[in-house]
Structures are given as C-alpha cells and as structure tokens.
>>> print(open('my_file24.cif').read())   # mmCIF, C-alpha atoms and all ligand atoms
data_coords
loop_
_atom_site.label_atom_id
_atom_site.label_comp_id
_atom_site.auth_asym_id
_atom_site.auth_seq_id
_atom_site.Cartn_x
_atom_site.Cartn_y
_atom_site.Cartn_z
CA MET A 745 46.53 -64.80 -10.68
CA GLU A 746 48.21 -61.60 -11.75
CA PHE A 747 48.47 -60.51 -15.37
CA THR A 748 52.19 -59.80 -15.11
CA TYR A 749 55.32 -61.26 -16.69
CA LYS A 750 56.39 -62.29 -13.20
CA TRP A 751 53.24 -64.35 -12.73
CA TYR A 752 53.65 -65.97 -16.14
CA GLY A 753 57.20 -66.96 -15.22
CA SER A 754 56.02 -68.50 -11.94
CA PHE A 755 53.26 -70.34 -13.83
CA LEU A 756 55.84 -71.86 -16.22
CA HIS A 757 58.01 -72.79 -13.24
CA LEU A 758 55.01 -74.48 -11.61
CA LEU A 759 54.37 -76.54 -14.73
CA LYS A 760 57.99 -77.71 -14.76
CA GLU A 761 57.99 -78.40 -11.03
CA ASN A 762 54.92 -80.59 -11.50
CA LYS A 763 56.58 -82.44 -14.41
CA TYR A 764 54.32 -81.26 -17.19
CA GLU A 765 56.24 -81.66 -20.45
CA ASP A 766 55.81 -78.82 -22.93
CA CYS A 767 54.35 -80.15 -26.18
CA ASN A 768 52.89 -78.89 -29.42
CA TYR A 769 49.73 -80.07 -31.19
CA ILE A 770 51.55 -83.02 -32.77
CA ASP A 771 54.17 -84.35 -30.35
CA TRP A 772 51.91 -84.69 -27.26
CA LYS A 773 50.80 -88.16 -28.34
CA GLY A 774 52.15 -90.92 -26.15
CA LYS A 775 53.21 -88.50 -23.40
CA LYS A 776 52.05 -89.39 -19.89
CA LYS A 777 51.99 -85.83 -18.67
CA ALA A 778 51.96 -82.92 -21.06
CA VAL A 779 50.94 -79.32 -21.46
CA ILE A 780 50.17 -77.58 -24.73
CA LEU A 781 50.70 -73.85 -24.28
CA ARG A 782 48.71 -71.90 -26.83
CA HIS A 783 48.75 -68.17 -27.50
CA ASP A 784 46.40 -66.36 -29.84
CA ILE A 785 47.93 -63.16 -31.24
CA ASP A 786 44.76 -61.10 -31.50
CA VAL A 787 46.36 -57.68 -31.19
CA SER A 788 50.13 -57.46 -30.88
CA PRO A 789 53.01 -59.67 -32.12
CA ALA A 790 55.35 -57.52 -30.00
CA SER A 791 53.56 -58.69 -26.82
CA ALA A 792 53.86 -62.27 -28.09
CA LEU A 793 57.62 -61.81 -28.50
CA GLU A 794 57.91 -60.70 -24.86
CA PHE A 795 56.05 -63.84 -23.79
CA SER A 796 58.21 -66.10 -25.92
CA LYS A 797 61.33 -64.68 -24.22
CA ILE A 798 59.93 -65.62 -20.80
CA GLU A 799 59.28 -69.12 -22.12
CA ASN A 800 62.82 -69.31 -23.49
CA TYR A 801 64.16 -68.36 -20.06
CA TYR A 802 62.23 -71.23 -18.45
CA GLY A 803 63.07 -73.65 -21.28
CA MET A 804 59.43 -74.01 -22.36
CA THR A 805 57.98 -73.91 -25.87
CA SER A 806 54.51 -73.03 -27.08
CA THR A 807 52.43 -72.34 -30.18
CA TYR A 808 51.64 -68.80 -31.33
CA PHE A 809 48.61 -68.38 -33.59
CA VAL A 810 48.73 -65.52 -36.08
CA LEU A 811 45.79 -63.76 -37.72
CA LEU A 812 46.09 -63.17 -41.43
CA ASP A 813 42.96 -61.06 -41.75
CA THR A 814 43.18 -58.34 -39.13
CA ASP A 815 43.57 -54.58 -39.07
CA PHE A 816 45.49 -54.70 -35.78
CA TYR A 817 48.74 -55.83 -37.39
CA ASN A 818 50.13 -56.90 -40.74
CA PRO A 819 51.94 -60.27 -40.65
CA ALA A 820 53.41 -59.47 -44.09
CA SER A 821 55.20 -56.30 -42.97
CA ARG A 822 58.96 -56.57 -42.49
CA ARG A 823 58.73 -55.62 -38.82
CA GLN A 824 56.07 -58.20 -37.95
CA ARG A 825 57.71 -60.92 -40.06
CA CYS A 826 60.96 -60.39 -38.12
CA ILE A 827 59.12 -60.68 -34.80
CA LEU A 828 57.28 -63.85 -35.81
CA LYS A 829 60.44 -65.44 -37.19
CA GLU A 830 62.32 -64.58 -34.01
CA ILE A 831 59.63 -66.42 -32.01
CA TYR A 832 59.86 -69.44 -34.33
CA ASN A 833 63.66 -69.46 -34.35
CA ALA A 834 63.66 -69.63 -30.53
CA GLY A 835 61.93 -73.02 -30.81
CA HIS A 836 58.23 -72.17 -30.74
CA GLN A 837 55.59 -73.11 -33.29
CA ILE A 838 53.62 -70.69 -35.44
CA GLY A 839 50.02 -71.55 -36.35
CA LEU A 840 47.17 -69.82 -38.16
CA HIS A 841 44.55 -67.96 -36.12
CA PHE A 842 41.48 -68.18 -38.34
CA ASP A 843 38.67 -65.63 -38.28
CA GLU A 844 35.60 -67.21 -39.79
CA THR A 845 33.75 -63.86 -39.84
CA SER A 846 35.99 -62.89 -42.77
CA TYR A 847 33.94 -65.29 -44.84
CA GLY A 848 30.31 -65.47 -45.82
CA MET A 849 27.74 -67.98 -44.70
CA GLY A 850 28.00 -71.26 -46.51
CA GLU A 851 31.65 -70.77 -47.50
CA ASP A 852 33.95 -73.77 -47.35
CA PHE A 853 35.94 -73.04 -44.15
CA ILE A 854 38.25 -75.99 -44.65
CA ALA A 855 39.30 -74.70 -48.07
CA ALA A 856 39.67 -71.19 -46.58
CA ILE A 857 41.87 -72.48 -43.73
CA LYS A 858 44.08 -74.39 -46.18
CA ARG A 859 44.40 -71.28 -48.34
CA GLU A 860 45.25 -69.02 -45.37
CA VAL A 861 47.78 -71.53 -44.01
CA LYS A 862 49.53 -71.55 -47.39
CA ILE A 863 49.54 -67.74 -47.59
CA LEU A 864 50.88 -67.33 -44.03
CA SER A 865 53.48 -70.04 -44.59
CA ASP A 866 54.62 -68.32 -47.81
CA ILE A 867 54.78 -64.89 -46.15
CA LEU A 868 56.77 -66.07 -43.14
CA GLU A 869 58.70 -68.79 -44.98
CA LEU A 870 57.87 -71.09 -42.08
CA PRO A 871 56.00 -74.39 -41.75
CA ILE A 872 52.45 -73.94 -40.45
CA SER A 873 50.76 -77.11 -39.26
CA SER A 874 48.06 -76.02 -36.82
CA VAL A 875 45.05 -73.71 -36.69
CA SER A 876 43.07 -72.07 -33.89
CA MET A 877 39.80 -70.20 -34.26
CA HIS A 878 39.31 -66.52 -33.50
CA ARG A 879 35.97 -65.99 -31.72
CA PRO A 880 34.45 -69.17 -33.15
CA SER A 881 30.73 -69.63 -33.63
CA SER A 882 29.01 -72.43 -31.75
CA HIS A 883 28.80 -74.28 -35.06
CA THR A 884 32.60 -74.13 -35.51
CA LEU A 885 33.15 -75.13 -31.87
CA GLU A 886 31.15 -78.28 -32.43
CA ALA A 887 32.20 -79.01 -36.01
CA ASN A 888 35.45 -80.89 -35.18
CA TYR A 889 36.88 -79.85 -38.57
CA LYS A 890 39.36 -82.27 -40.09
CA ILE A 891 41.85 -80.44 -42.29
CA PRO A 892 44.37 -82.51 -44.24
CA GLY A 893 47.91 -81.77 -43.02
CA ILE A 894 46.76 -79.25 -40.41
CA VAL A 895 45.91 -79.92 -36.76
CA ASN A 896 42.71 -78.23 -35.62
CA SER A 897 43.33 -77.05 -32.05
CA TYR A 898 39.54 -76.97 -31.70
CA GLY A 899 39.35 -80.69 -32.45
CA THR A 900 37.38 -82.54 -29.78
CA VAL A 901 40.50 -84.39 -28.58
CA PHE A 902 41.98 -81.12 -27.23
CA PHE A 903 38.91 -80.50 -25.12
CA HIS A 904 37.91 -84.03 -24.11
CA GLU A 905 41.29 -85.66 -23.41
CA PHE A 906 42.87 -82.44 -22.16
CA LYS A 907 41.86 -80.11 -19.35
CA TYR A 908 41.32 -76.80 -21.16
CA LEU A 909 42.03 -73.52 -19.39
CA SER A 910 41.86 -70.03 -20.86
CA ASP A 911 42.36 -66.38 -19.89
CA SER A 912 39.91 -65.17 -22.55
CA ARG A 913 38.80 -61.57 -22.08
CA ARG A 914 41.49 -61.30 -19.40
CA TYR A 915 39.69 -63.62 -17.01
CA TRP A 916 40.62 -67.11 -15.75
CA ARG A 917 37.43 -69.02 -15.07
CA GLU A 918 39.29 -71.49 -12.84
CA ASP A 919 42.29 -71.36 -10.53
CA VAL A 920 44.96 -72.48 -12.96
CA ASP A 921 47.75 -72.57 -10.34
CA SER A 922 45.77 -74.95 -8.08
CA ILE A 923 44.86 -77.18 -11.01
CA ILE A 924 48.55 -77.57 -11.90
CA LYS A 925 49.52 -78.24 -8.26
CA GLN A 926 46.78 -80.84 -7.78
CA GLN A 927 48.07 -82.77 -10.83
CA GLN A 928 44.57 -84.10 -11.32
CA TYR A 929 44.80 -83.84 -15.11
CA PRO A 930 47.70 -85.48 -16.97
CA LEU A 931 47.06 -83.42 -20.11
CA LEU A 932 46.65 -79.65 -20.02
CA HIS A 933 45.72 -77.34 -22.89
CA ILE A 934 46.19 -73.74 -21.81
CA LEU A 935 45.34 -70.63 -23.82
CA THR A 936 46.85 -67.29 -22.84
CA HIS A 937 46.72 -63.97 -24.65
CA PRO A 938 50.12 -62.22 -24.21
CA PHE A 939 48.55 -58.81 -24.77
CA TRP A 940 46.95 -58.83 -21.30
CA TYR A 941 50.29 -59.25 -19.48
CA ASN A 942 52.67 -56.45 -18.55
CA GLU A 943 55.64 -55.71 -16.30
CA THR A 944 53.17 -54.39 -13.73
CA GLU A 945 49.51 -55.30 -13.36
CA LYS A 946 47.15 -53.22 -15.53
CA ASP A 947 43.41 -53.65 -15.59
CA ILE A 948 41.63 -54.37 -18.85
CA THR A 949 40.73 -50.72 -19.51
CA ASP A 950 44.26 -49.44 -18.86
CA SER A 951 45.73 -52.14 -21.11
CA VAL A 952 43.51 -51.01 -23.97
CA LYS A 953 44.13 -47.31 -23.28
CA THR A 954 47.92 -47.81 -23.37
CA PHE A 955 47.63 -49.69 -26.65
CA ILE A 956 45.51 -46.99 -28.28
CA TYR A 957 47.86 -44.24 -27.04
CA ASP A 958 50.94 -46.09 -28.33
CA LYS A 959 49.22 -46.68 -31.68
CA LYS A 960 48.82 -42.95 -32.10
CA TRP A 961 52.60 -42.57 -31.89
CA ASP A 962 53.23 -45.64 -34.05
CA ASN A 963 51.14 -43.94 -36.72
CA TYR A 964 53.09 -40.70 -36.30
CA HIS A 965 56.39 -42.52 -36.82
CA LEU A 966 55.00 -44.35 -39.86
CA TRP A 967 54.16 -41.00 -41.42
CA GLU A 968 57.66 -39.76 -40.55
CA GLU A 969 59.29 -42.80 -42.16
CA ASN A 970 57.24 -42.49 -45.32
CA THR A 971 56.98 -38.74 -45.87
CA ARG A 972 59.77 -36.25 -46.62
CA ASP A 973 60.01 -33.40 -44.07
CA PHE A 974 56.96 -34.71 -42.22
CA ILE A 975 57.76 -32.44 -39.27
CA GLU A 976 56.66 -29.51 -41.46
CA ILE A 977 53.22 -31.11 -41.70
CA LEU A 978 52.78 -32.17 -38.07
CA LYS A 979 55.11 -31.47 -35.14
CA PRO A 980 55.36 -33.97 -32.27
CA GLU A 981 54.10 -31.36 -29.80
CA GLU A 982 50.92 -31.00 -31.86
CA MET A 983 50.16 -34.69 -31.21
CA ASP A 984 48.96 -33.96 -27.66
CA SER A 985 45.78 -32.41 -28.97
CA ILE A 986 44.92 -35.44 -31.10
ZN ZN A 1001 41.50 -64.65 -31.22
#
>>> encode(input="my_file24.cif", output="structure tokens", more="lines below")
Ligand SMILES: [Zn+2]
Amino acid sequence: MEFTYKWYGSFLHLLKENKYEDCNYIDWKGKKKAVILRHDIDVSPASALEFSKIENYYGMTSTYFVLLDTDFYNPASRRQRCILKEIYNAGHQIGLHFDETSYGMGEDFIAAIKREVKILSDILELPISSVSMHRPSSHTLEANYKIPGIVNSYGTVFFHEFKYLSDSRRYWREDVDSIIKQQQYPLLHILTHPFWYNETEKDITDSVKTFIYDKKWDNYHLWEENTRDFIEILKPEEMDSI
C-alpha cells in the first residue's frame, strides 16, 4: 500500500466495489456489511480536510477525532474551527481524540472525557458523540469505558465484532486491500492518519521534515499577521539561516 491520496482513493473504491457500507459509530447496528472509517487528527487538521475531500469524491463518510489538548494545533482558533466545520458540513462526523496523559494517575477519565466533549462541542458548535484514545495505556485499552451519551470507539465491540485495521506509525500490519477483497469480515473498523498521506509517496522521515519546515514559515506568517512592520524585525530571506 502506498501512502498517497491516489491509493486512499483506490482503497475507498475497493470498499464500495465490495459493498461495504460506510457507517459511523452509531448507525452500523443492524447492517450486514459495514465499514467504520476512523481518522485520528494527531498533527494536522489541514491534512484531515484533504482526506475528507477524497471521501466526498467517492461518496464515503468517516469520523475525524480531534485533540483538545495538543500543542500541534488549536481547535479553538478561527482557522482550525473553519477546517473542522468544513469537514463536518460535508457529511462526516467529528469526535473527541482523548489524551489520557494530560491527566494524573487516579483521575476520573470518564468525567474528563465528558468535560472535553462538552468543551469541543461548544468550541466547534457541533454535536460530538464519540471518543477515541490517543496513545492509550494498556489499562485504557482493556477498560471498555462506558460513557453516557458518548460512544467509546475503544469499546470491546469495535474490536471483537469488527476486524480492526490501522496504519499507526505509518505502517499497516496486514494487507488491507486483500482483506477487503476477500470479504472475510462483514464488519471493518479502519483507522488511518491523514497526515501520513501525500500527493506523492514520502517516507516517514520526509513527512516529518516537511511538516517541521512548513511550521517554521507558518510561525513567520503568524508573526507578520500579529506585529506591525514585522519585516523590519525579520526579513523572509533571513529565515533560511533558522
Ligand atoms: Zn492519536
């Protein structure tokens, strides 16, 4: 499998060809053959938006999970809110991506998830009804948390009744294309991280390098937007040495 937009499009086409119905974490019940497409936005909502456009093209919907507590992006900023709303308005779901390491040992994770869901829902002015875990501990993986009004995508049902496939750390542990073609599993639960996919294939190191380089310029433009005559402080050509 390639980590390109072209591959992702062919993967969506394959799912449709093999009659897997795109579902979310609620409406899969009663379906004979369904796929839940899940995306964790660990790094970049902009990459998620690109993915959602490919899904729109193929008439597929998915669920995008958003971190509230991250220094990679700010879901409350106008720019990120617009991106996340655009994804939702195209027919996808938005869920909470929950990082338990933000909390101390012995804290009530269920109360924390409920609180974060409310905050994210208020910020985006969107309904949030599902949660996924960011780098969960083995305890959280096994806990099968029940959260009133919120579907836990780490609930045992999504791993026992579904065939779970993931590209975590930019690596598919199984041949996802063959699994779809074989139609051995009526229910599929597939996690992809949009950040790893590009127009052309990039290895993991190049993907990270590009992101860090672009961030440098994002920061430059933020300074420009927020500081009068910023060019007098730092000229674009001086950025090369940073
Ligand atoms: Zn994550």
>>> closest_residue(input="my_file24.cif", among="A:Thr807, A:Thr900, A:Ile986, A:Lys925", to="Ile956 in chain A", atoms="only C-alpha atoms")
A:Ile986
>>> residues_around(input="my_file24.cif", residues="Ala856 in chain A", least_positions_apart="4", cutoff="10 Å", atoms="only C-alpha atoms", output="PDB file with C-alpha atoms, keeping the file's coordinate frame")
ATOM      1  CA  PHE A 842      41.480 -68.180 -38.340  1.00  0.00           C
ATOM      2  CA  GLU A 844      35.600 -67.210 -39.790  1.00  0.00           C
ATOM      3  CA  SER A 846      35.990 -62.890 -42.770  1.00  0.00           C
ATOM      4  CA  TYR A 847      33.940 -65.290 -44.840  1.00  0.00           C
ATOM      5  CA  GLU A 851      31.650 -70.770 -47.500  1.00  0.00           C
ATOM      6  CA  ASP A 852      33.950 -73.770 -47.350  1.00  0.00           C
ATOM      7  CA  GLU A 860      45.250 -69.020 -45.370  1.00  0.00           C
ATOM      8  CA  VAL A 861      47.780 -71.530 -44.010  1.00  0.00           C
ATOM      9  CA  LYS A 862      49.530 -71.550 -47.390  1.00  0.00           C
TER      10      LYS A 862
END
>>> residues_near_ligand(input="my_file24.cif", ligand="ligand ZN 1001 (chain A)", cutoff="12 Å", atoms="all atoms listed in the file", output="PyMOL selection string")
chain A and resi 782-788+808-814+816+840-845+875-880+910-913+935-939
>>> write_last_selection(input="my_file24.cif", atoms="C-alpha atoms", output="mmCIF file, keeping the file's coordinate frame")
data_model
loop_
_atom_site.group_PDB
_atom_site.id
_atom_site.type_symbol
_atom_site.label_atom_id
_atom_site.label_comp_id
_atom_site.auth_asym_id
_atom_site.auth_seq_id
_atom_site.Cartn_x
_atom_site.Cartn_y
_atom_site.Cartn_z
ATOM 1 C CA ARG A 782 48.710 -71.900 -26.830
ATOM 2 C CA HIS A 783 48.750 -68.170 -27.500
ATOM 3 C CA ASP A 784 46.400 -66.360 -29.840
ATOM 4 C CA ILE A 785 47.930 -63.160 -31.240
ATOM 5 C CA ASP A 786 44.760 -61.100 -31.500
ATOM 6 C CA VAL A 787 46.360 -57.680 -31.190
ATOM 7 C CA SER A 788 50.130 -57.460 -30.880
ATOM 8 C CA TYR A 808 51.640 -68.800 -31.330
ATOM 9 C CA PHE A 809 48.610 -68.380 -33.590
ATOM 10 C CA VAL A 810 48.730 -65.520 -36.080
ATOM 11 C CA LEU A 811 45.790 -63.760 -37.720
ATOM 12 C CA LEU A 812 46.090 -63.170 -41.430
ATOM 13 C CA ASP A 813 42.960 -61.060 -41.750
ATOM 14 C CA THR A 814 43.180 -58.340 -39.130
ATOM 15 C CA PHE A 816 45.490 -54.700 -35.780
ATOM 16 C CA LEU A 840 47.170 -69.820 -38.160
ATOM 17 C CA HIS A 841 44.550 -67.960 -36.120
ATOM 18 C CA PHE A 842 41.480 -68.180 -38.340
ATOM 19 C CA ASP A 843 38.670 -65.630 -38.280
ATOM 20 C CA GLU A 844 35.600 -67.210 -39.790
ATOM 21 C CA THR A 845 33.750 -63.860 -39.840
ATOM 22 C CA VAL A 875 45.050 -73.710 -36.690
ATOM 23 C CA SER A 876 43.070 -72.070 -33.890
ATOM 24 C CA MET A 877 39.800 -70.200 -34.260
ATOM 25 C CA HIS A 878 39.310 -66.520 -33.500
ATOM 26 C CA ARG A 879 35.970 -65.990 -31.720
ATOM 27 C CA PRO A 880 34.450 -69.170 -33.150
ATOM 28 C CA SER A 910 41.860 -70.030 -20.860
ATOM 29 C CA ASP A 911 42.360 -66.380 -19.890
ATOM 30 C CA SER A 912 39.910 -65.170 -22.550
ATOM 31 C CA ARG A 913 38.800 -61.570 -22.080
ATOM 32 C CA LEU A 935 45.340 -70.630 -23.820
ATOM 33 C CA THR A 936 46.850 -67.290 -22.840
ATOM 34 C CA HIS A 937 46.720 -63.970 -24.650
ATOM 35 C CA PRO A 938 50.120 -62.220 -24.210
ATOM 36 C CA PHE A 939 48.550 -58.810 -24.770
#
>>> atom_distance(input="my_file24.cif", atom1="CA of His965 in chain A", atom2="CA of Lys829 in chain A")
23.3 Å
>>> closest_residue(input="my_file24.cif", among="A:Thr748, A:Asn768, A:Ser873, A:Ser806", to="Gly893 in chain A", atoms="all atoms listed in the file")
A:Ser873
>>> closest_residue(input="my_file24.cif", among="A:Asn963, A:Gln927, A:Thr949, A:Asn896", to="Ile770 in chain A", atoms="all atoms listed in the file")
A:Asn896
>>> closest_residue(input="my_file24.cif", among="A:Tyr764, A:His883, A:Leu932, A:Phe755", to="Phe903 in chain A", atoms="only C-alpha atoms")
A:Leu932
>>> closest_residue(input="my_file24.cif", among="A:Thr944, A:Ser754, A:Asn800, A:Gln928", to="Gly835 in chain A", atoms="only C-alpha atoms")
A:Asn800
>>> closest_residue(input="my_file24.cif", among="A:Ile924, A:Ala790, A:Ile827, A:Cys767", to="Tyr941 in chain A", atoms="all atoms listed in the file")
A:Ala790
>>> atom_distance(input="my_file24.cif", atom1="CA of Lys777 in chain A", atom2="CA of Lys763 in chain A")
7.1 Å
>>> atom_distance(input="my_file24.cif", atom1="CA of Trp772 in chain A", atom2="CA of Phe747 in chain A")
27.2 Å
>>> residues_around(input="my_file24.cif", residues="Glu746 in chain A", least_positions_apart="5", cutoff="10 Å", atoms="all atoms listed in the file", output="NGL selection string")
:A and (751-752 or 941-942 or 944-946)
>>> residues_around(input="my_file24.cif", residues="Pro980 in chain A", least_positions_apart="3", cutoff="10 Å", atoms="all atoms listed in the file", output="ChimeraX atom specification")
/A:961,964-965,975,983-984
>>> residues_around(input="my_file24.cif", residues="Ile798 in chain A", least_positions_apart="3", cutoff="10 Å", atoms="all atoms listed in the file", output="list in words")
Tyr749, Lys750, Tyr752, Gly753, Leu756, Leu793, Glu794, Phe795, Tyr801, Tyr802, Gly803, Met804 and Thr805 of chain A
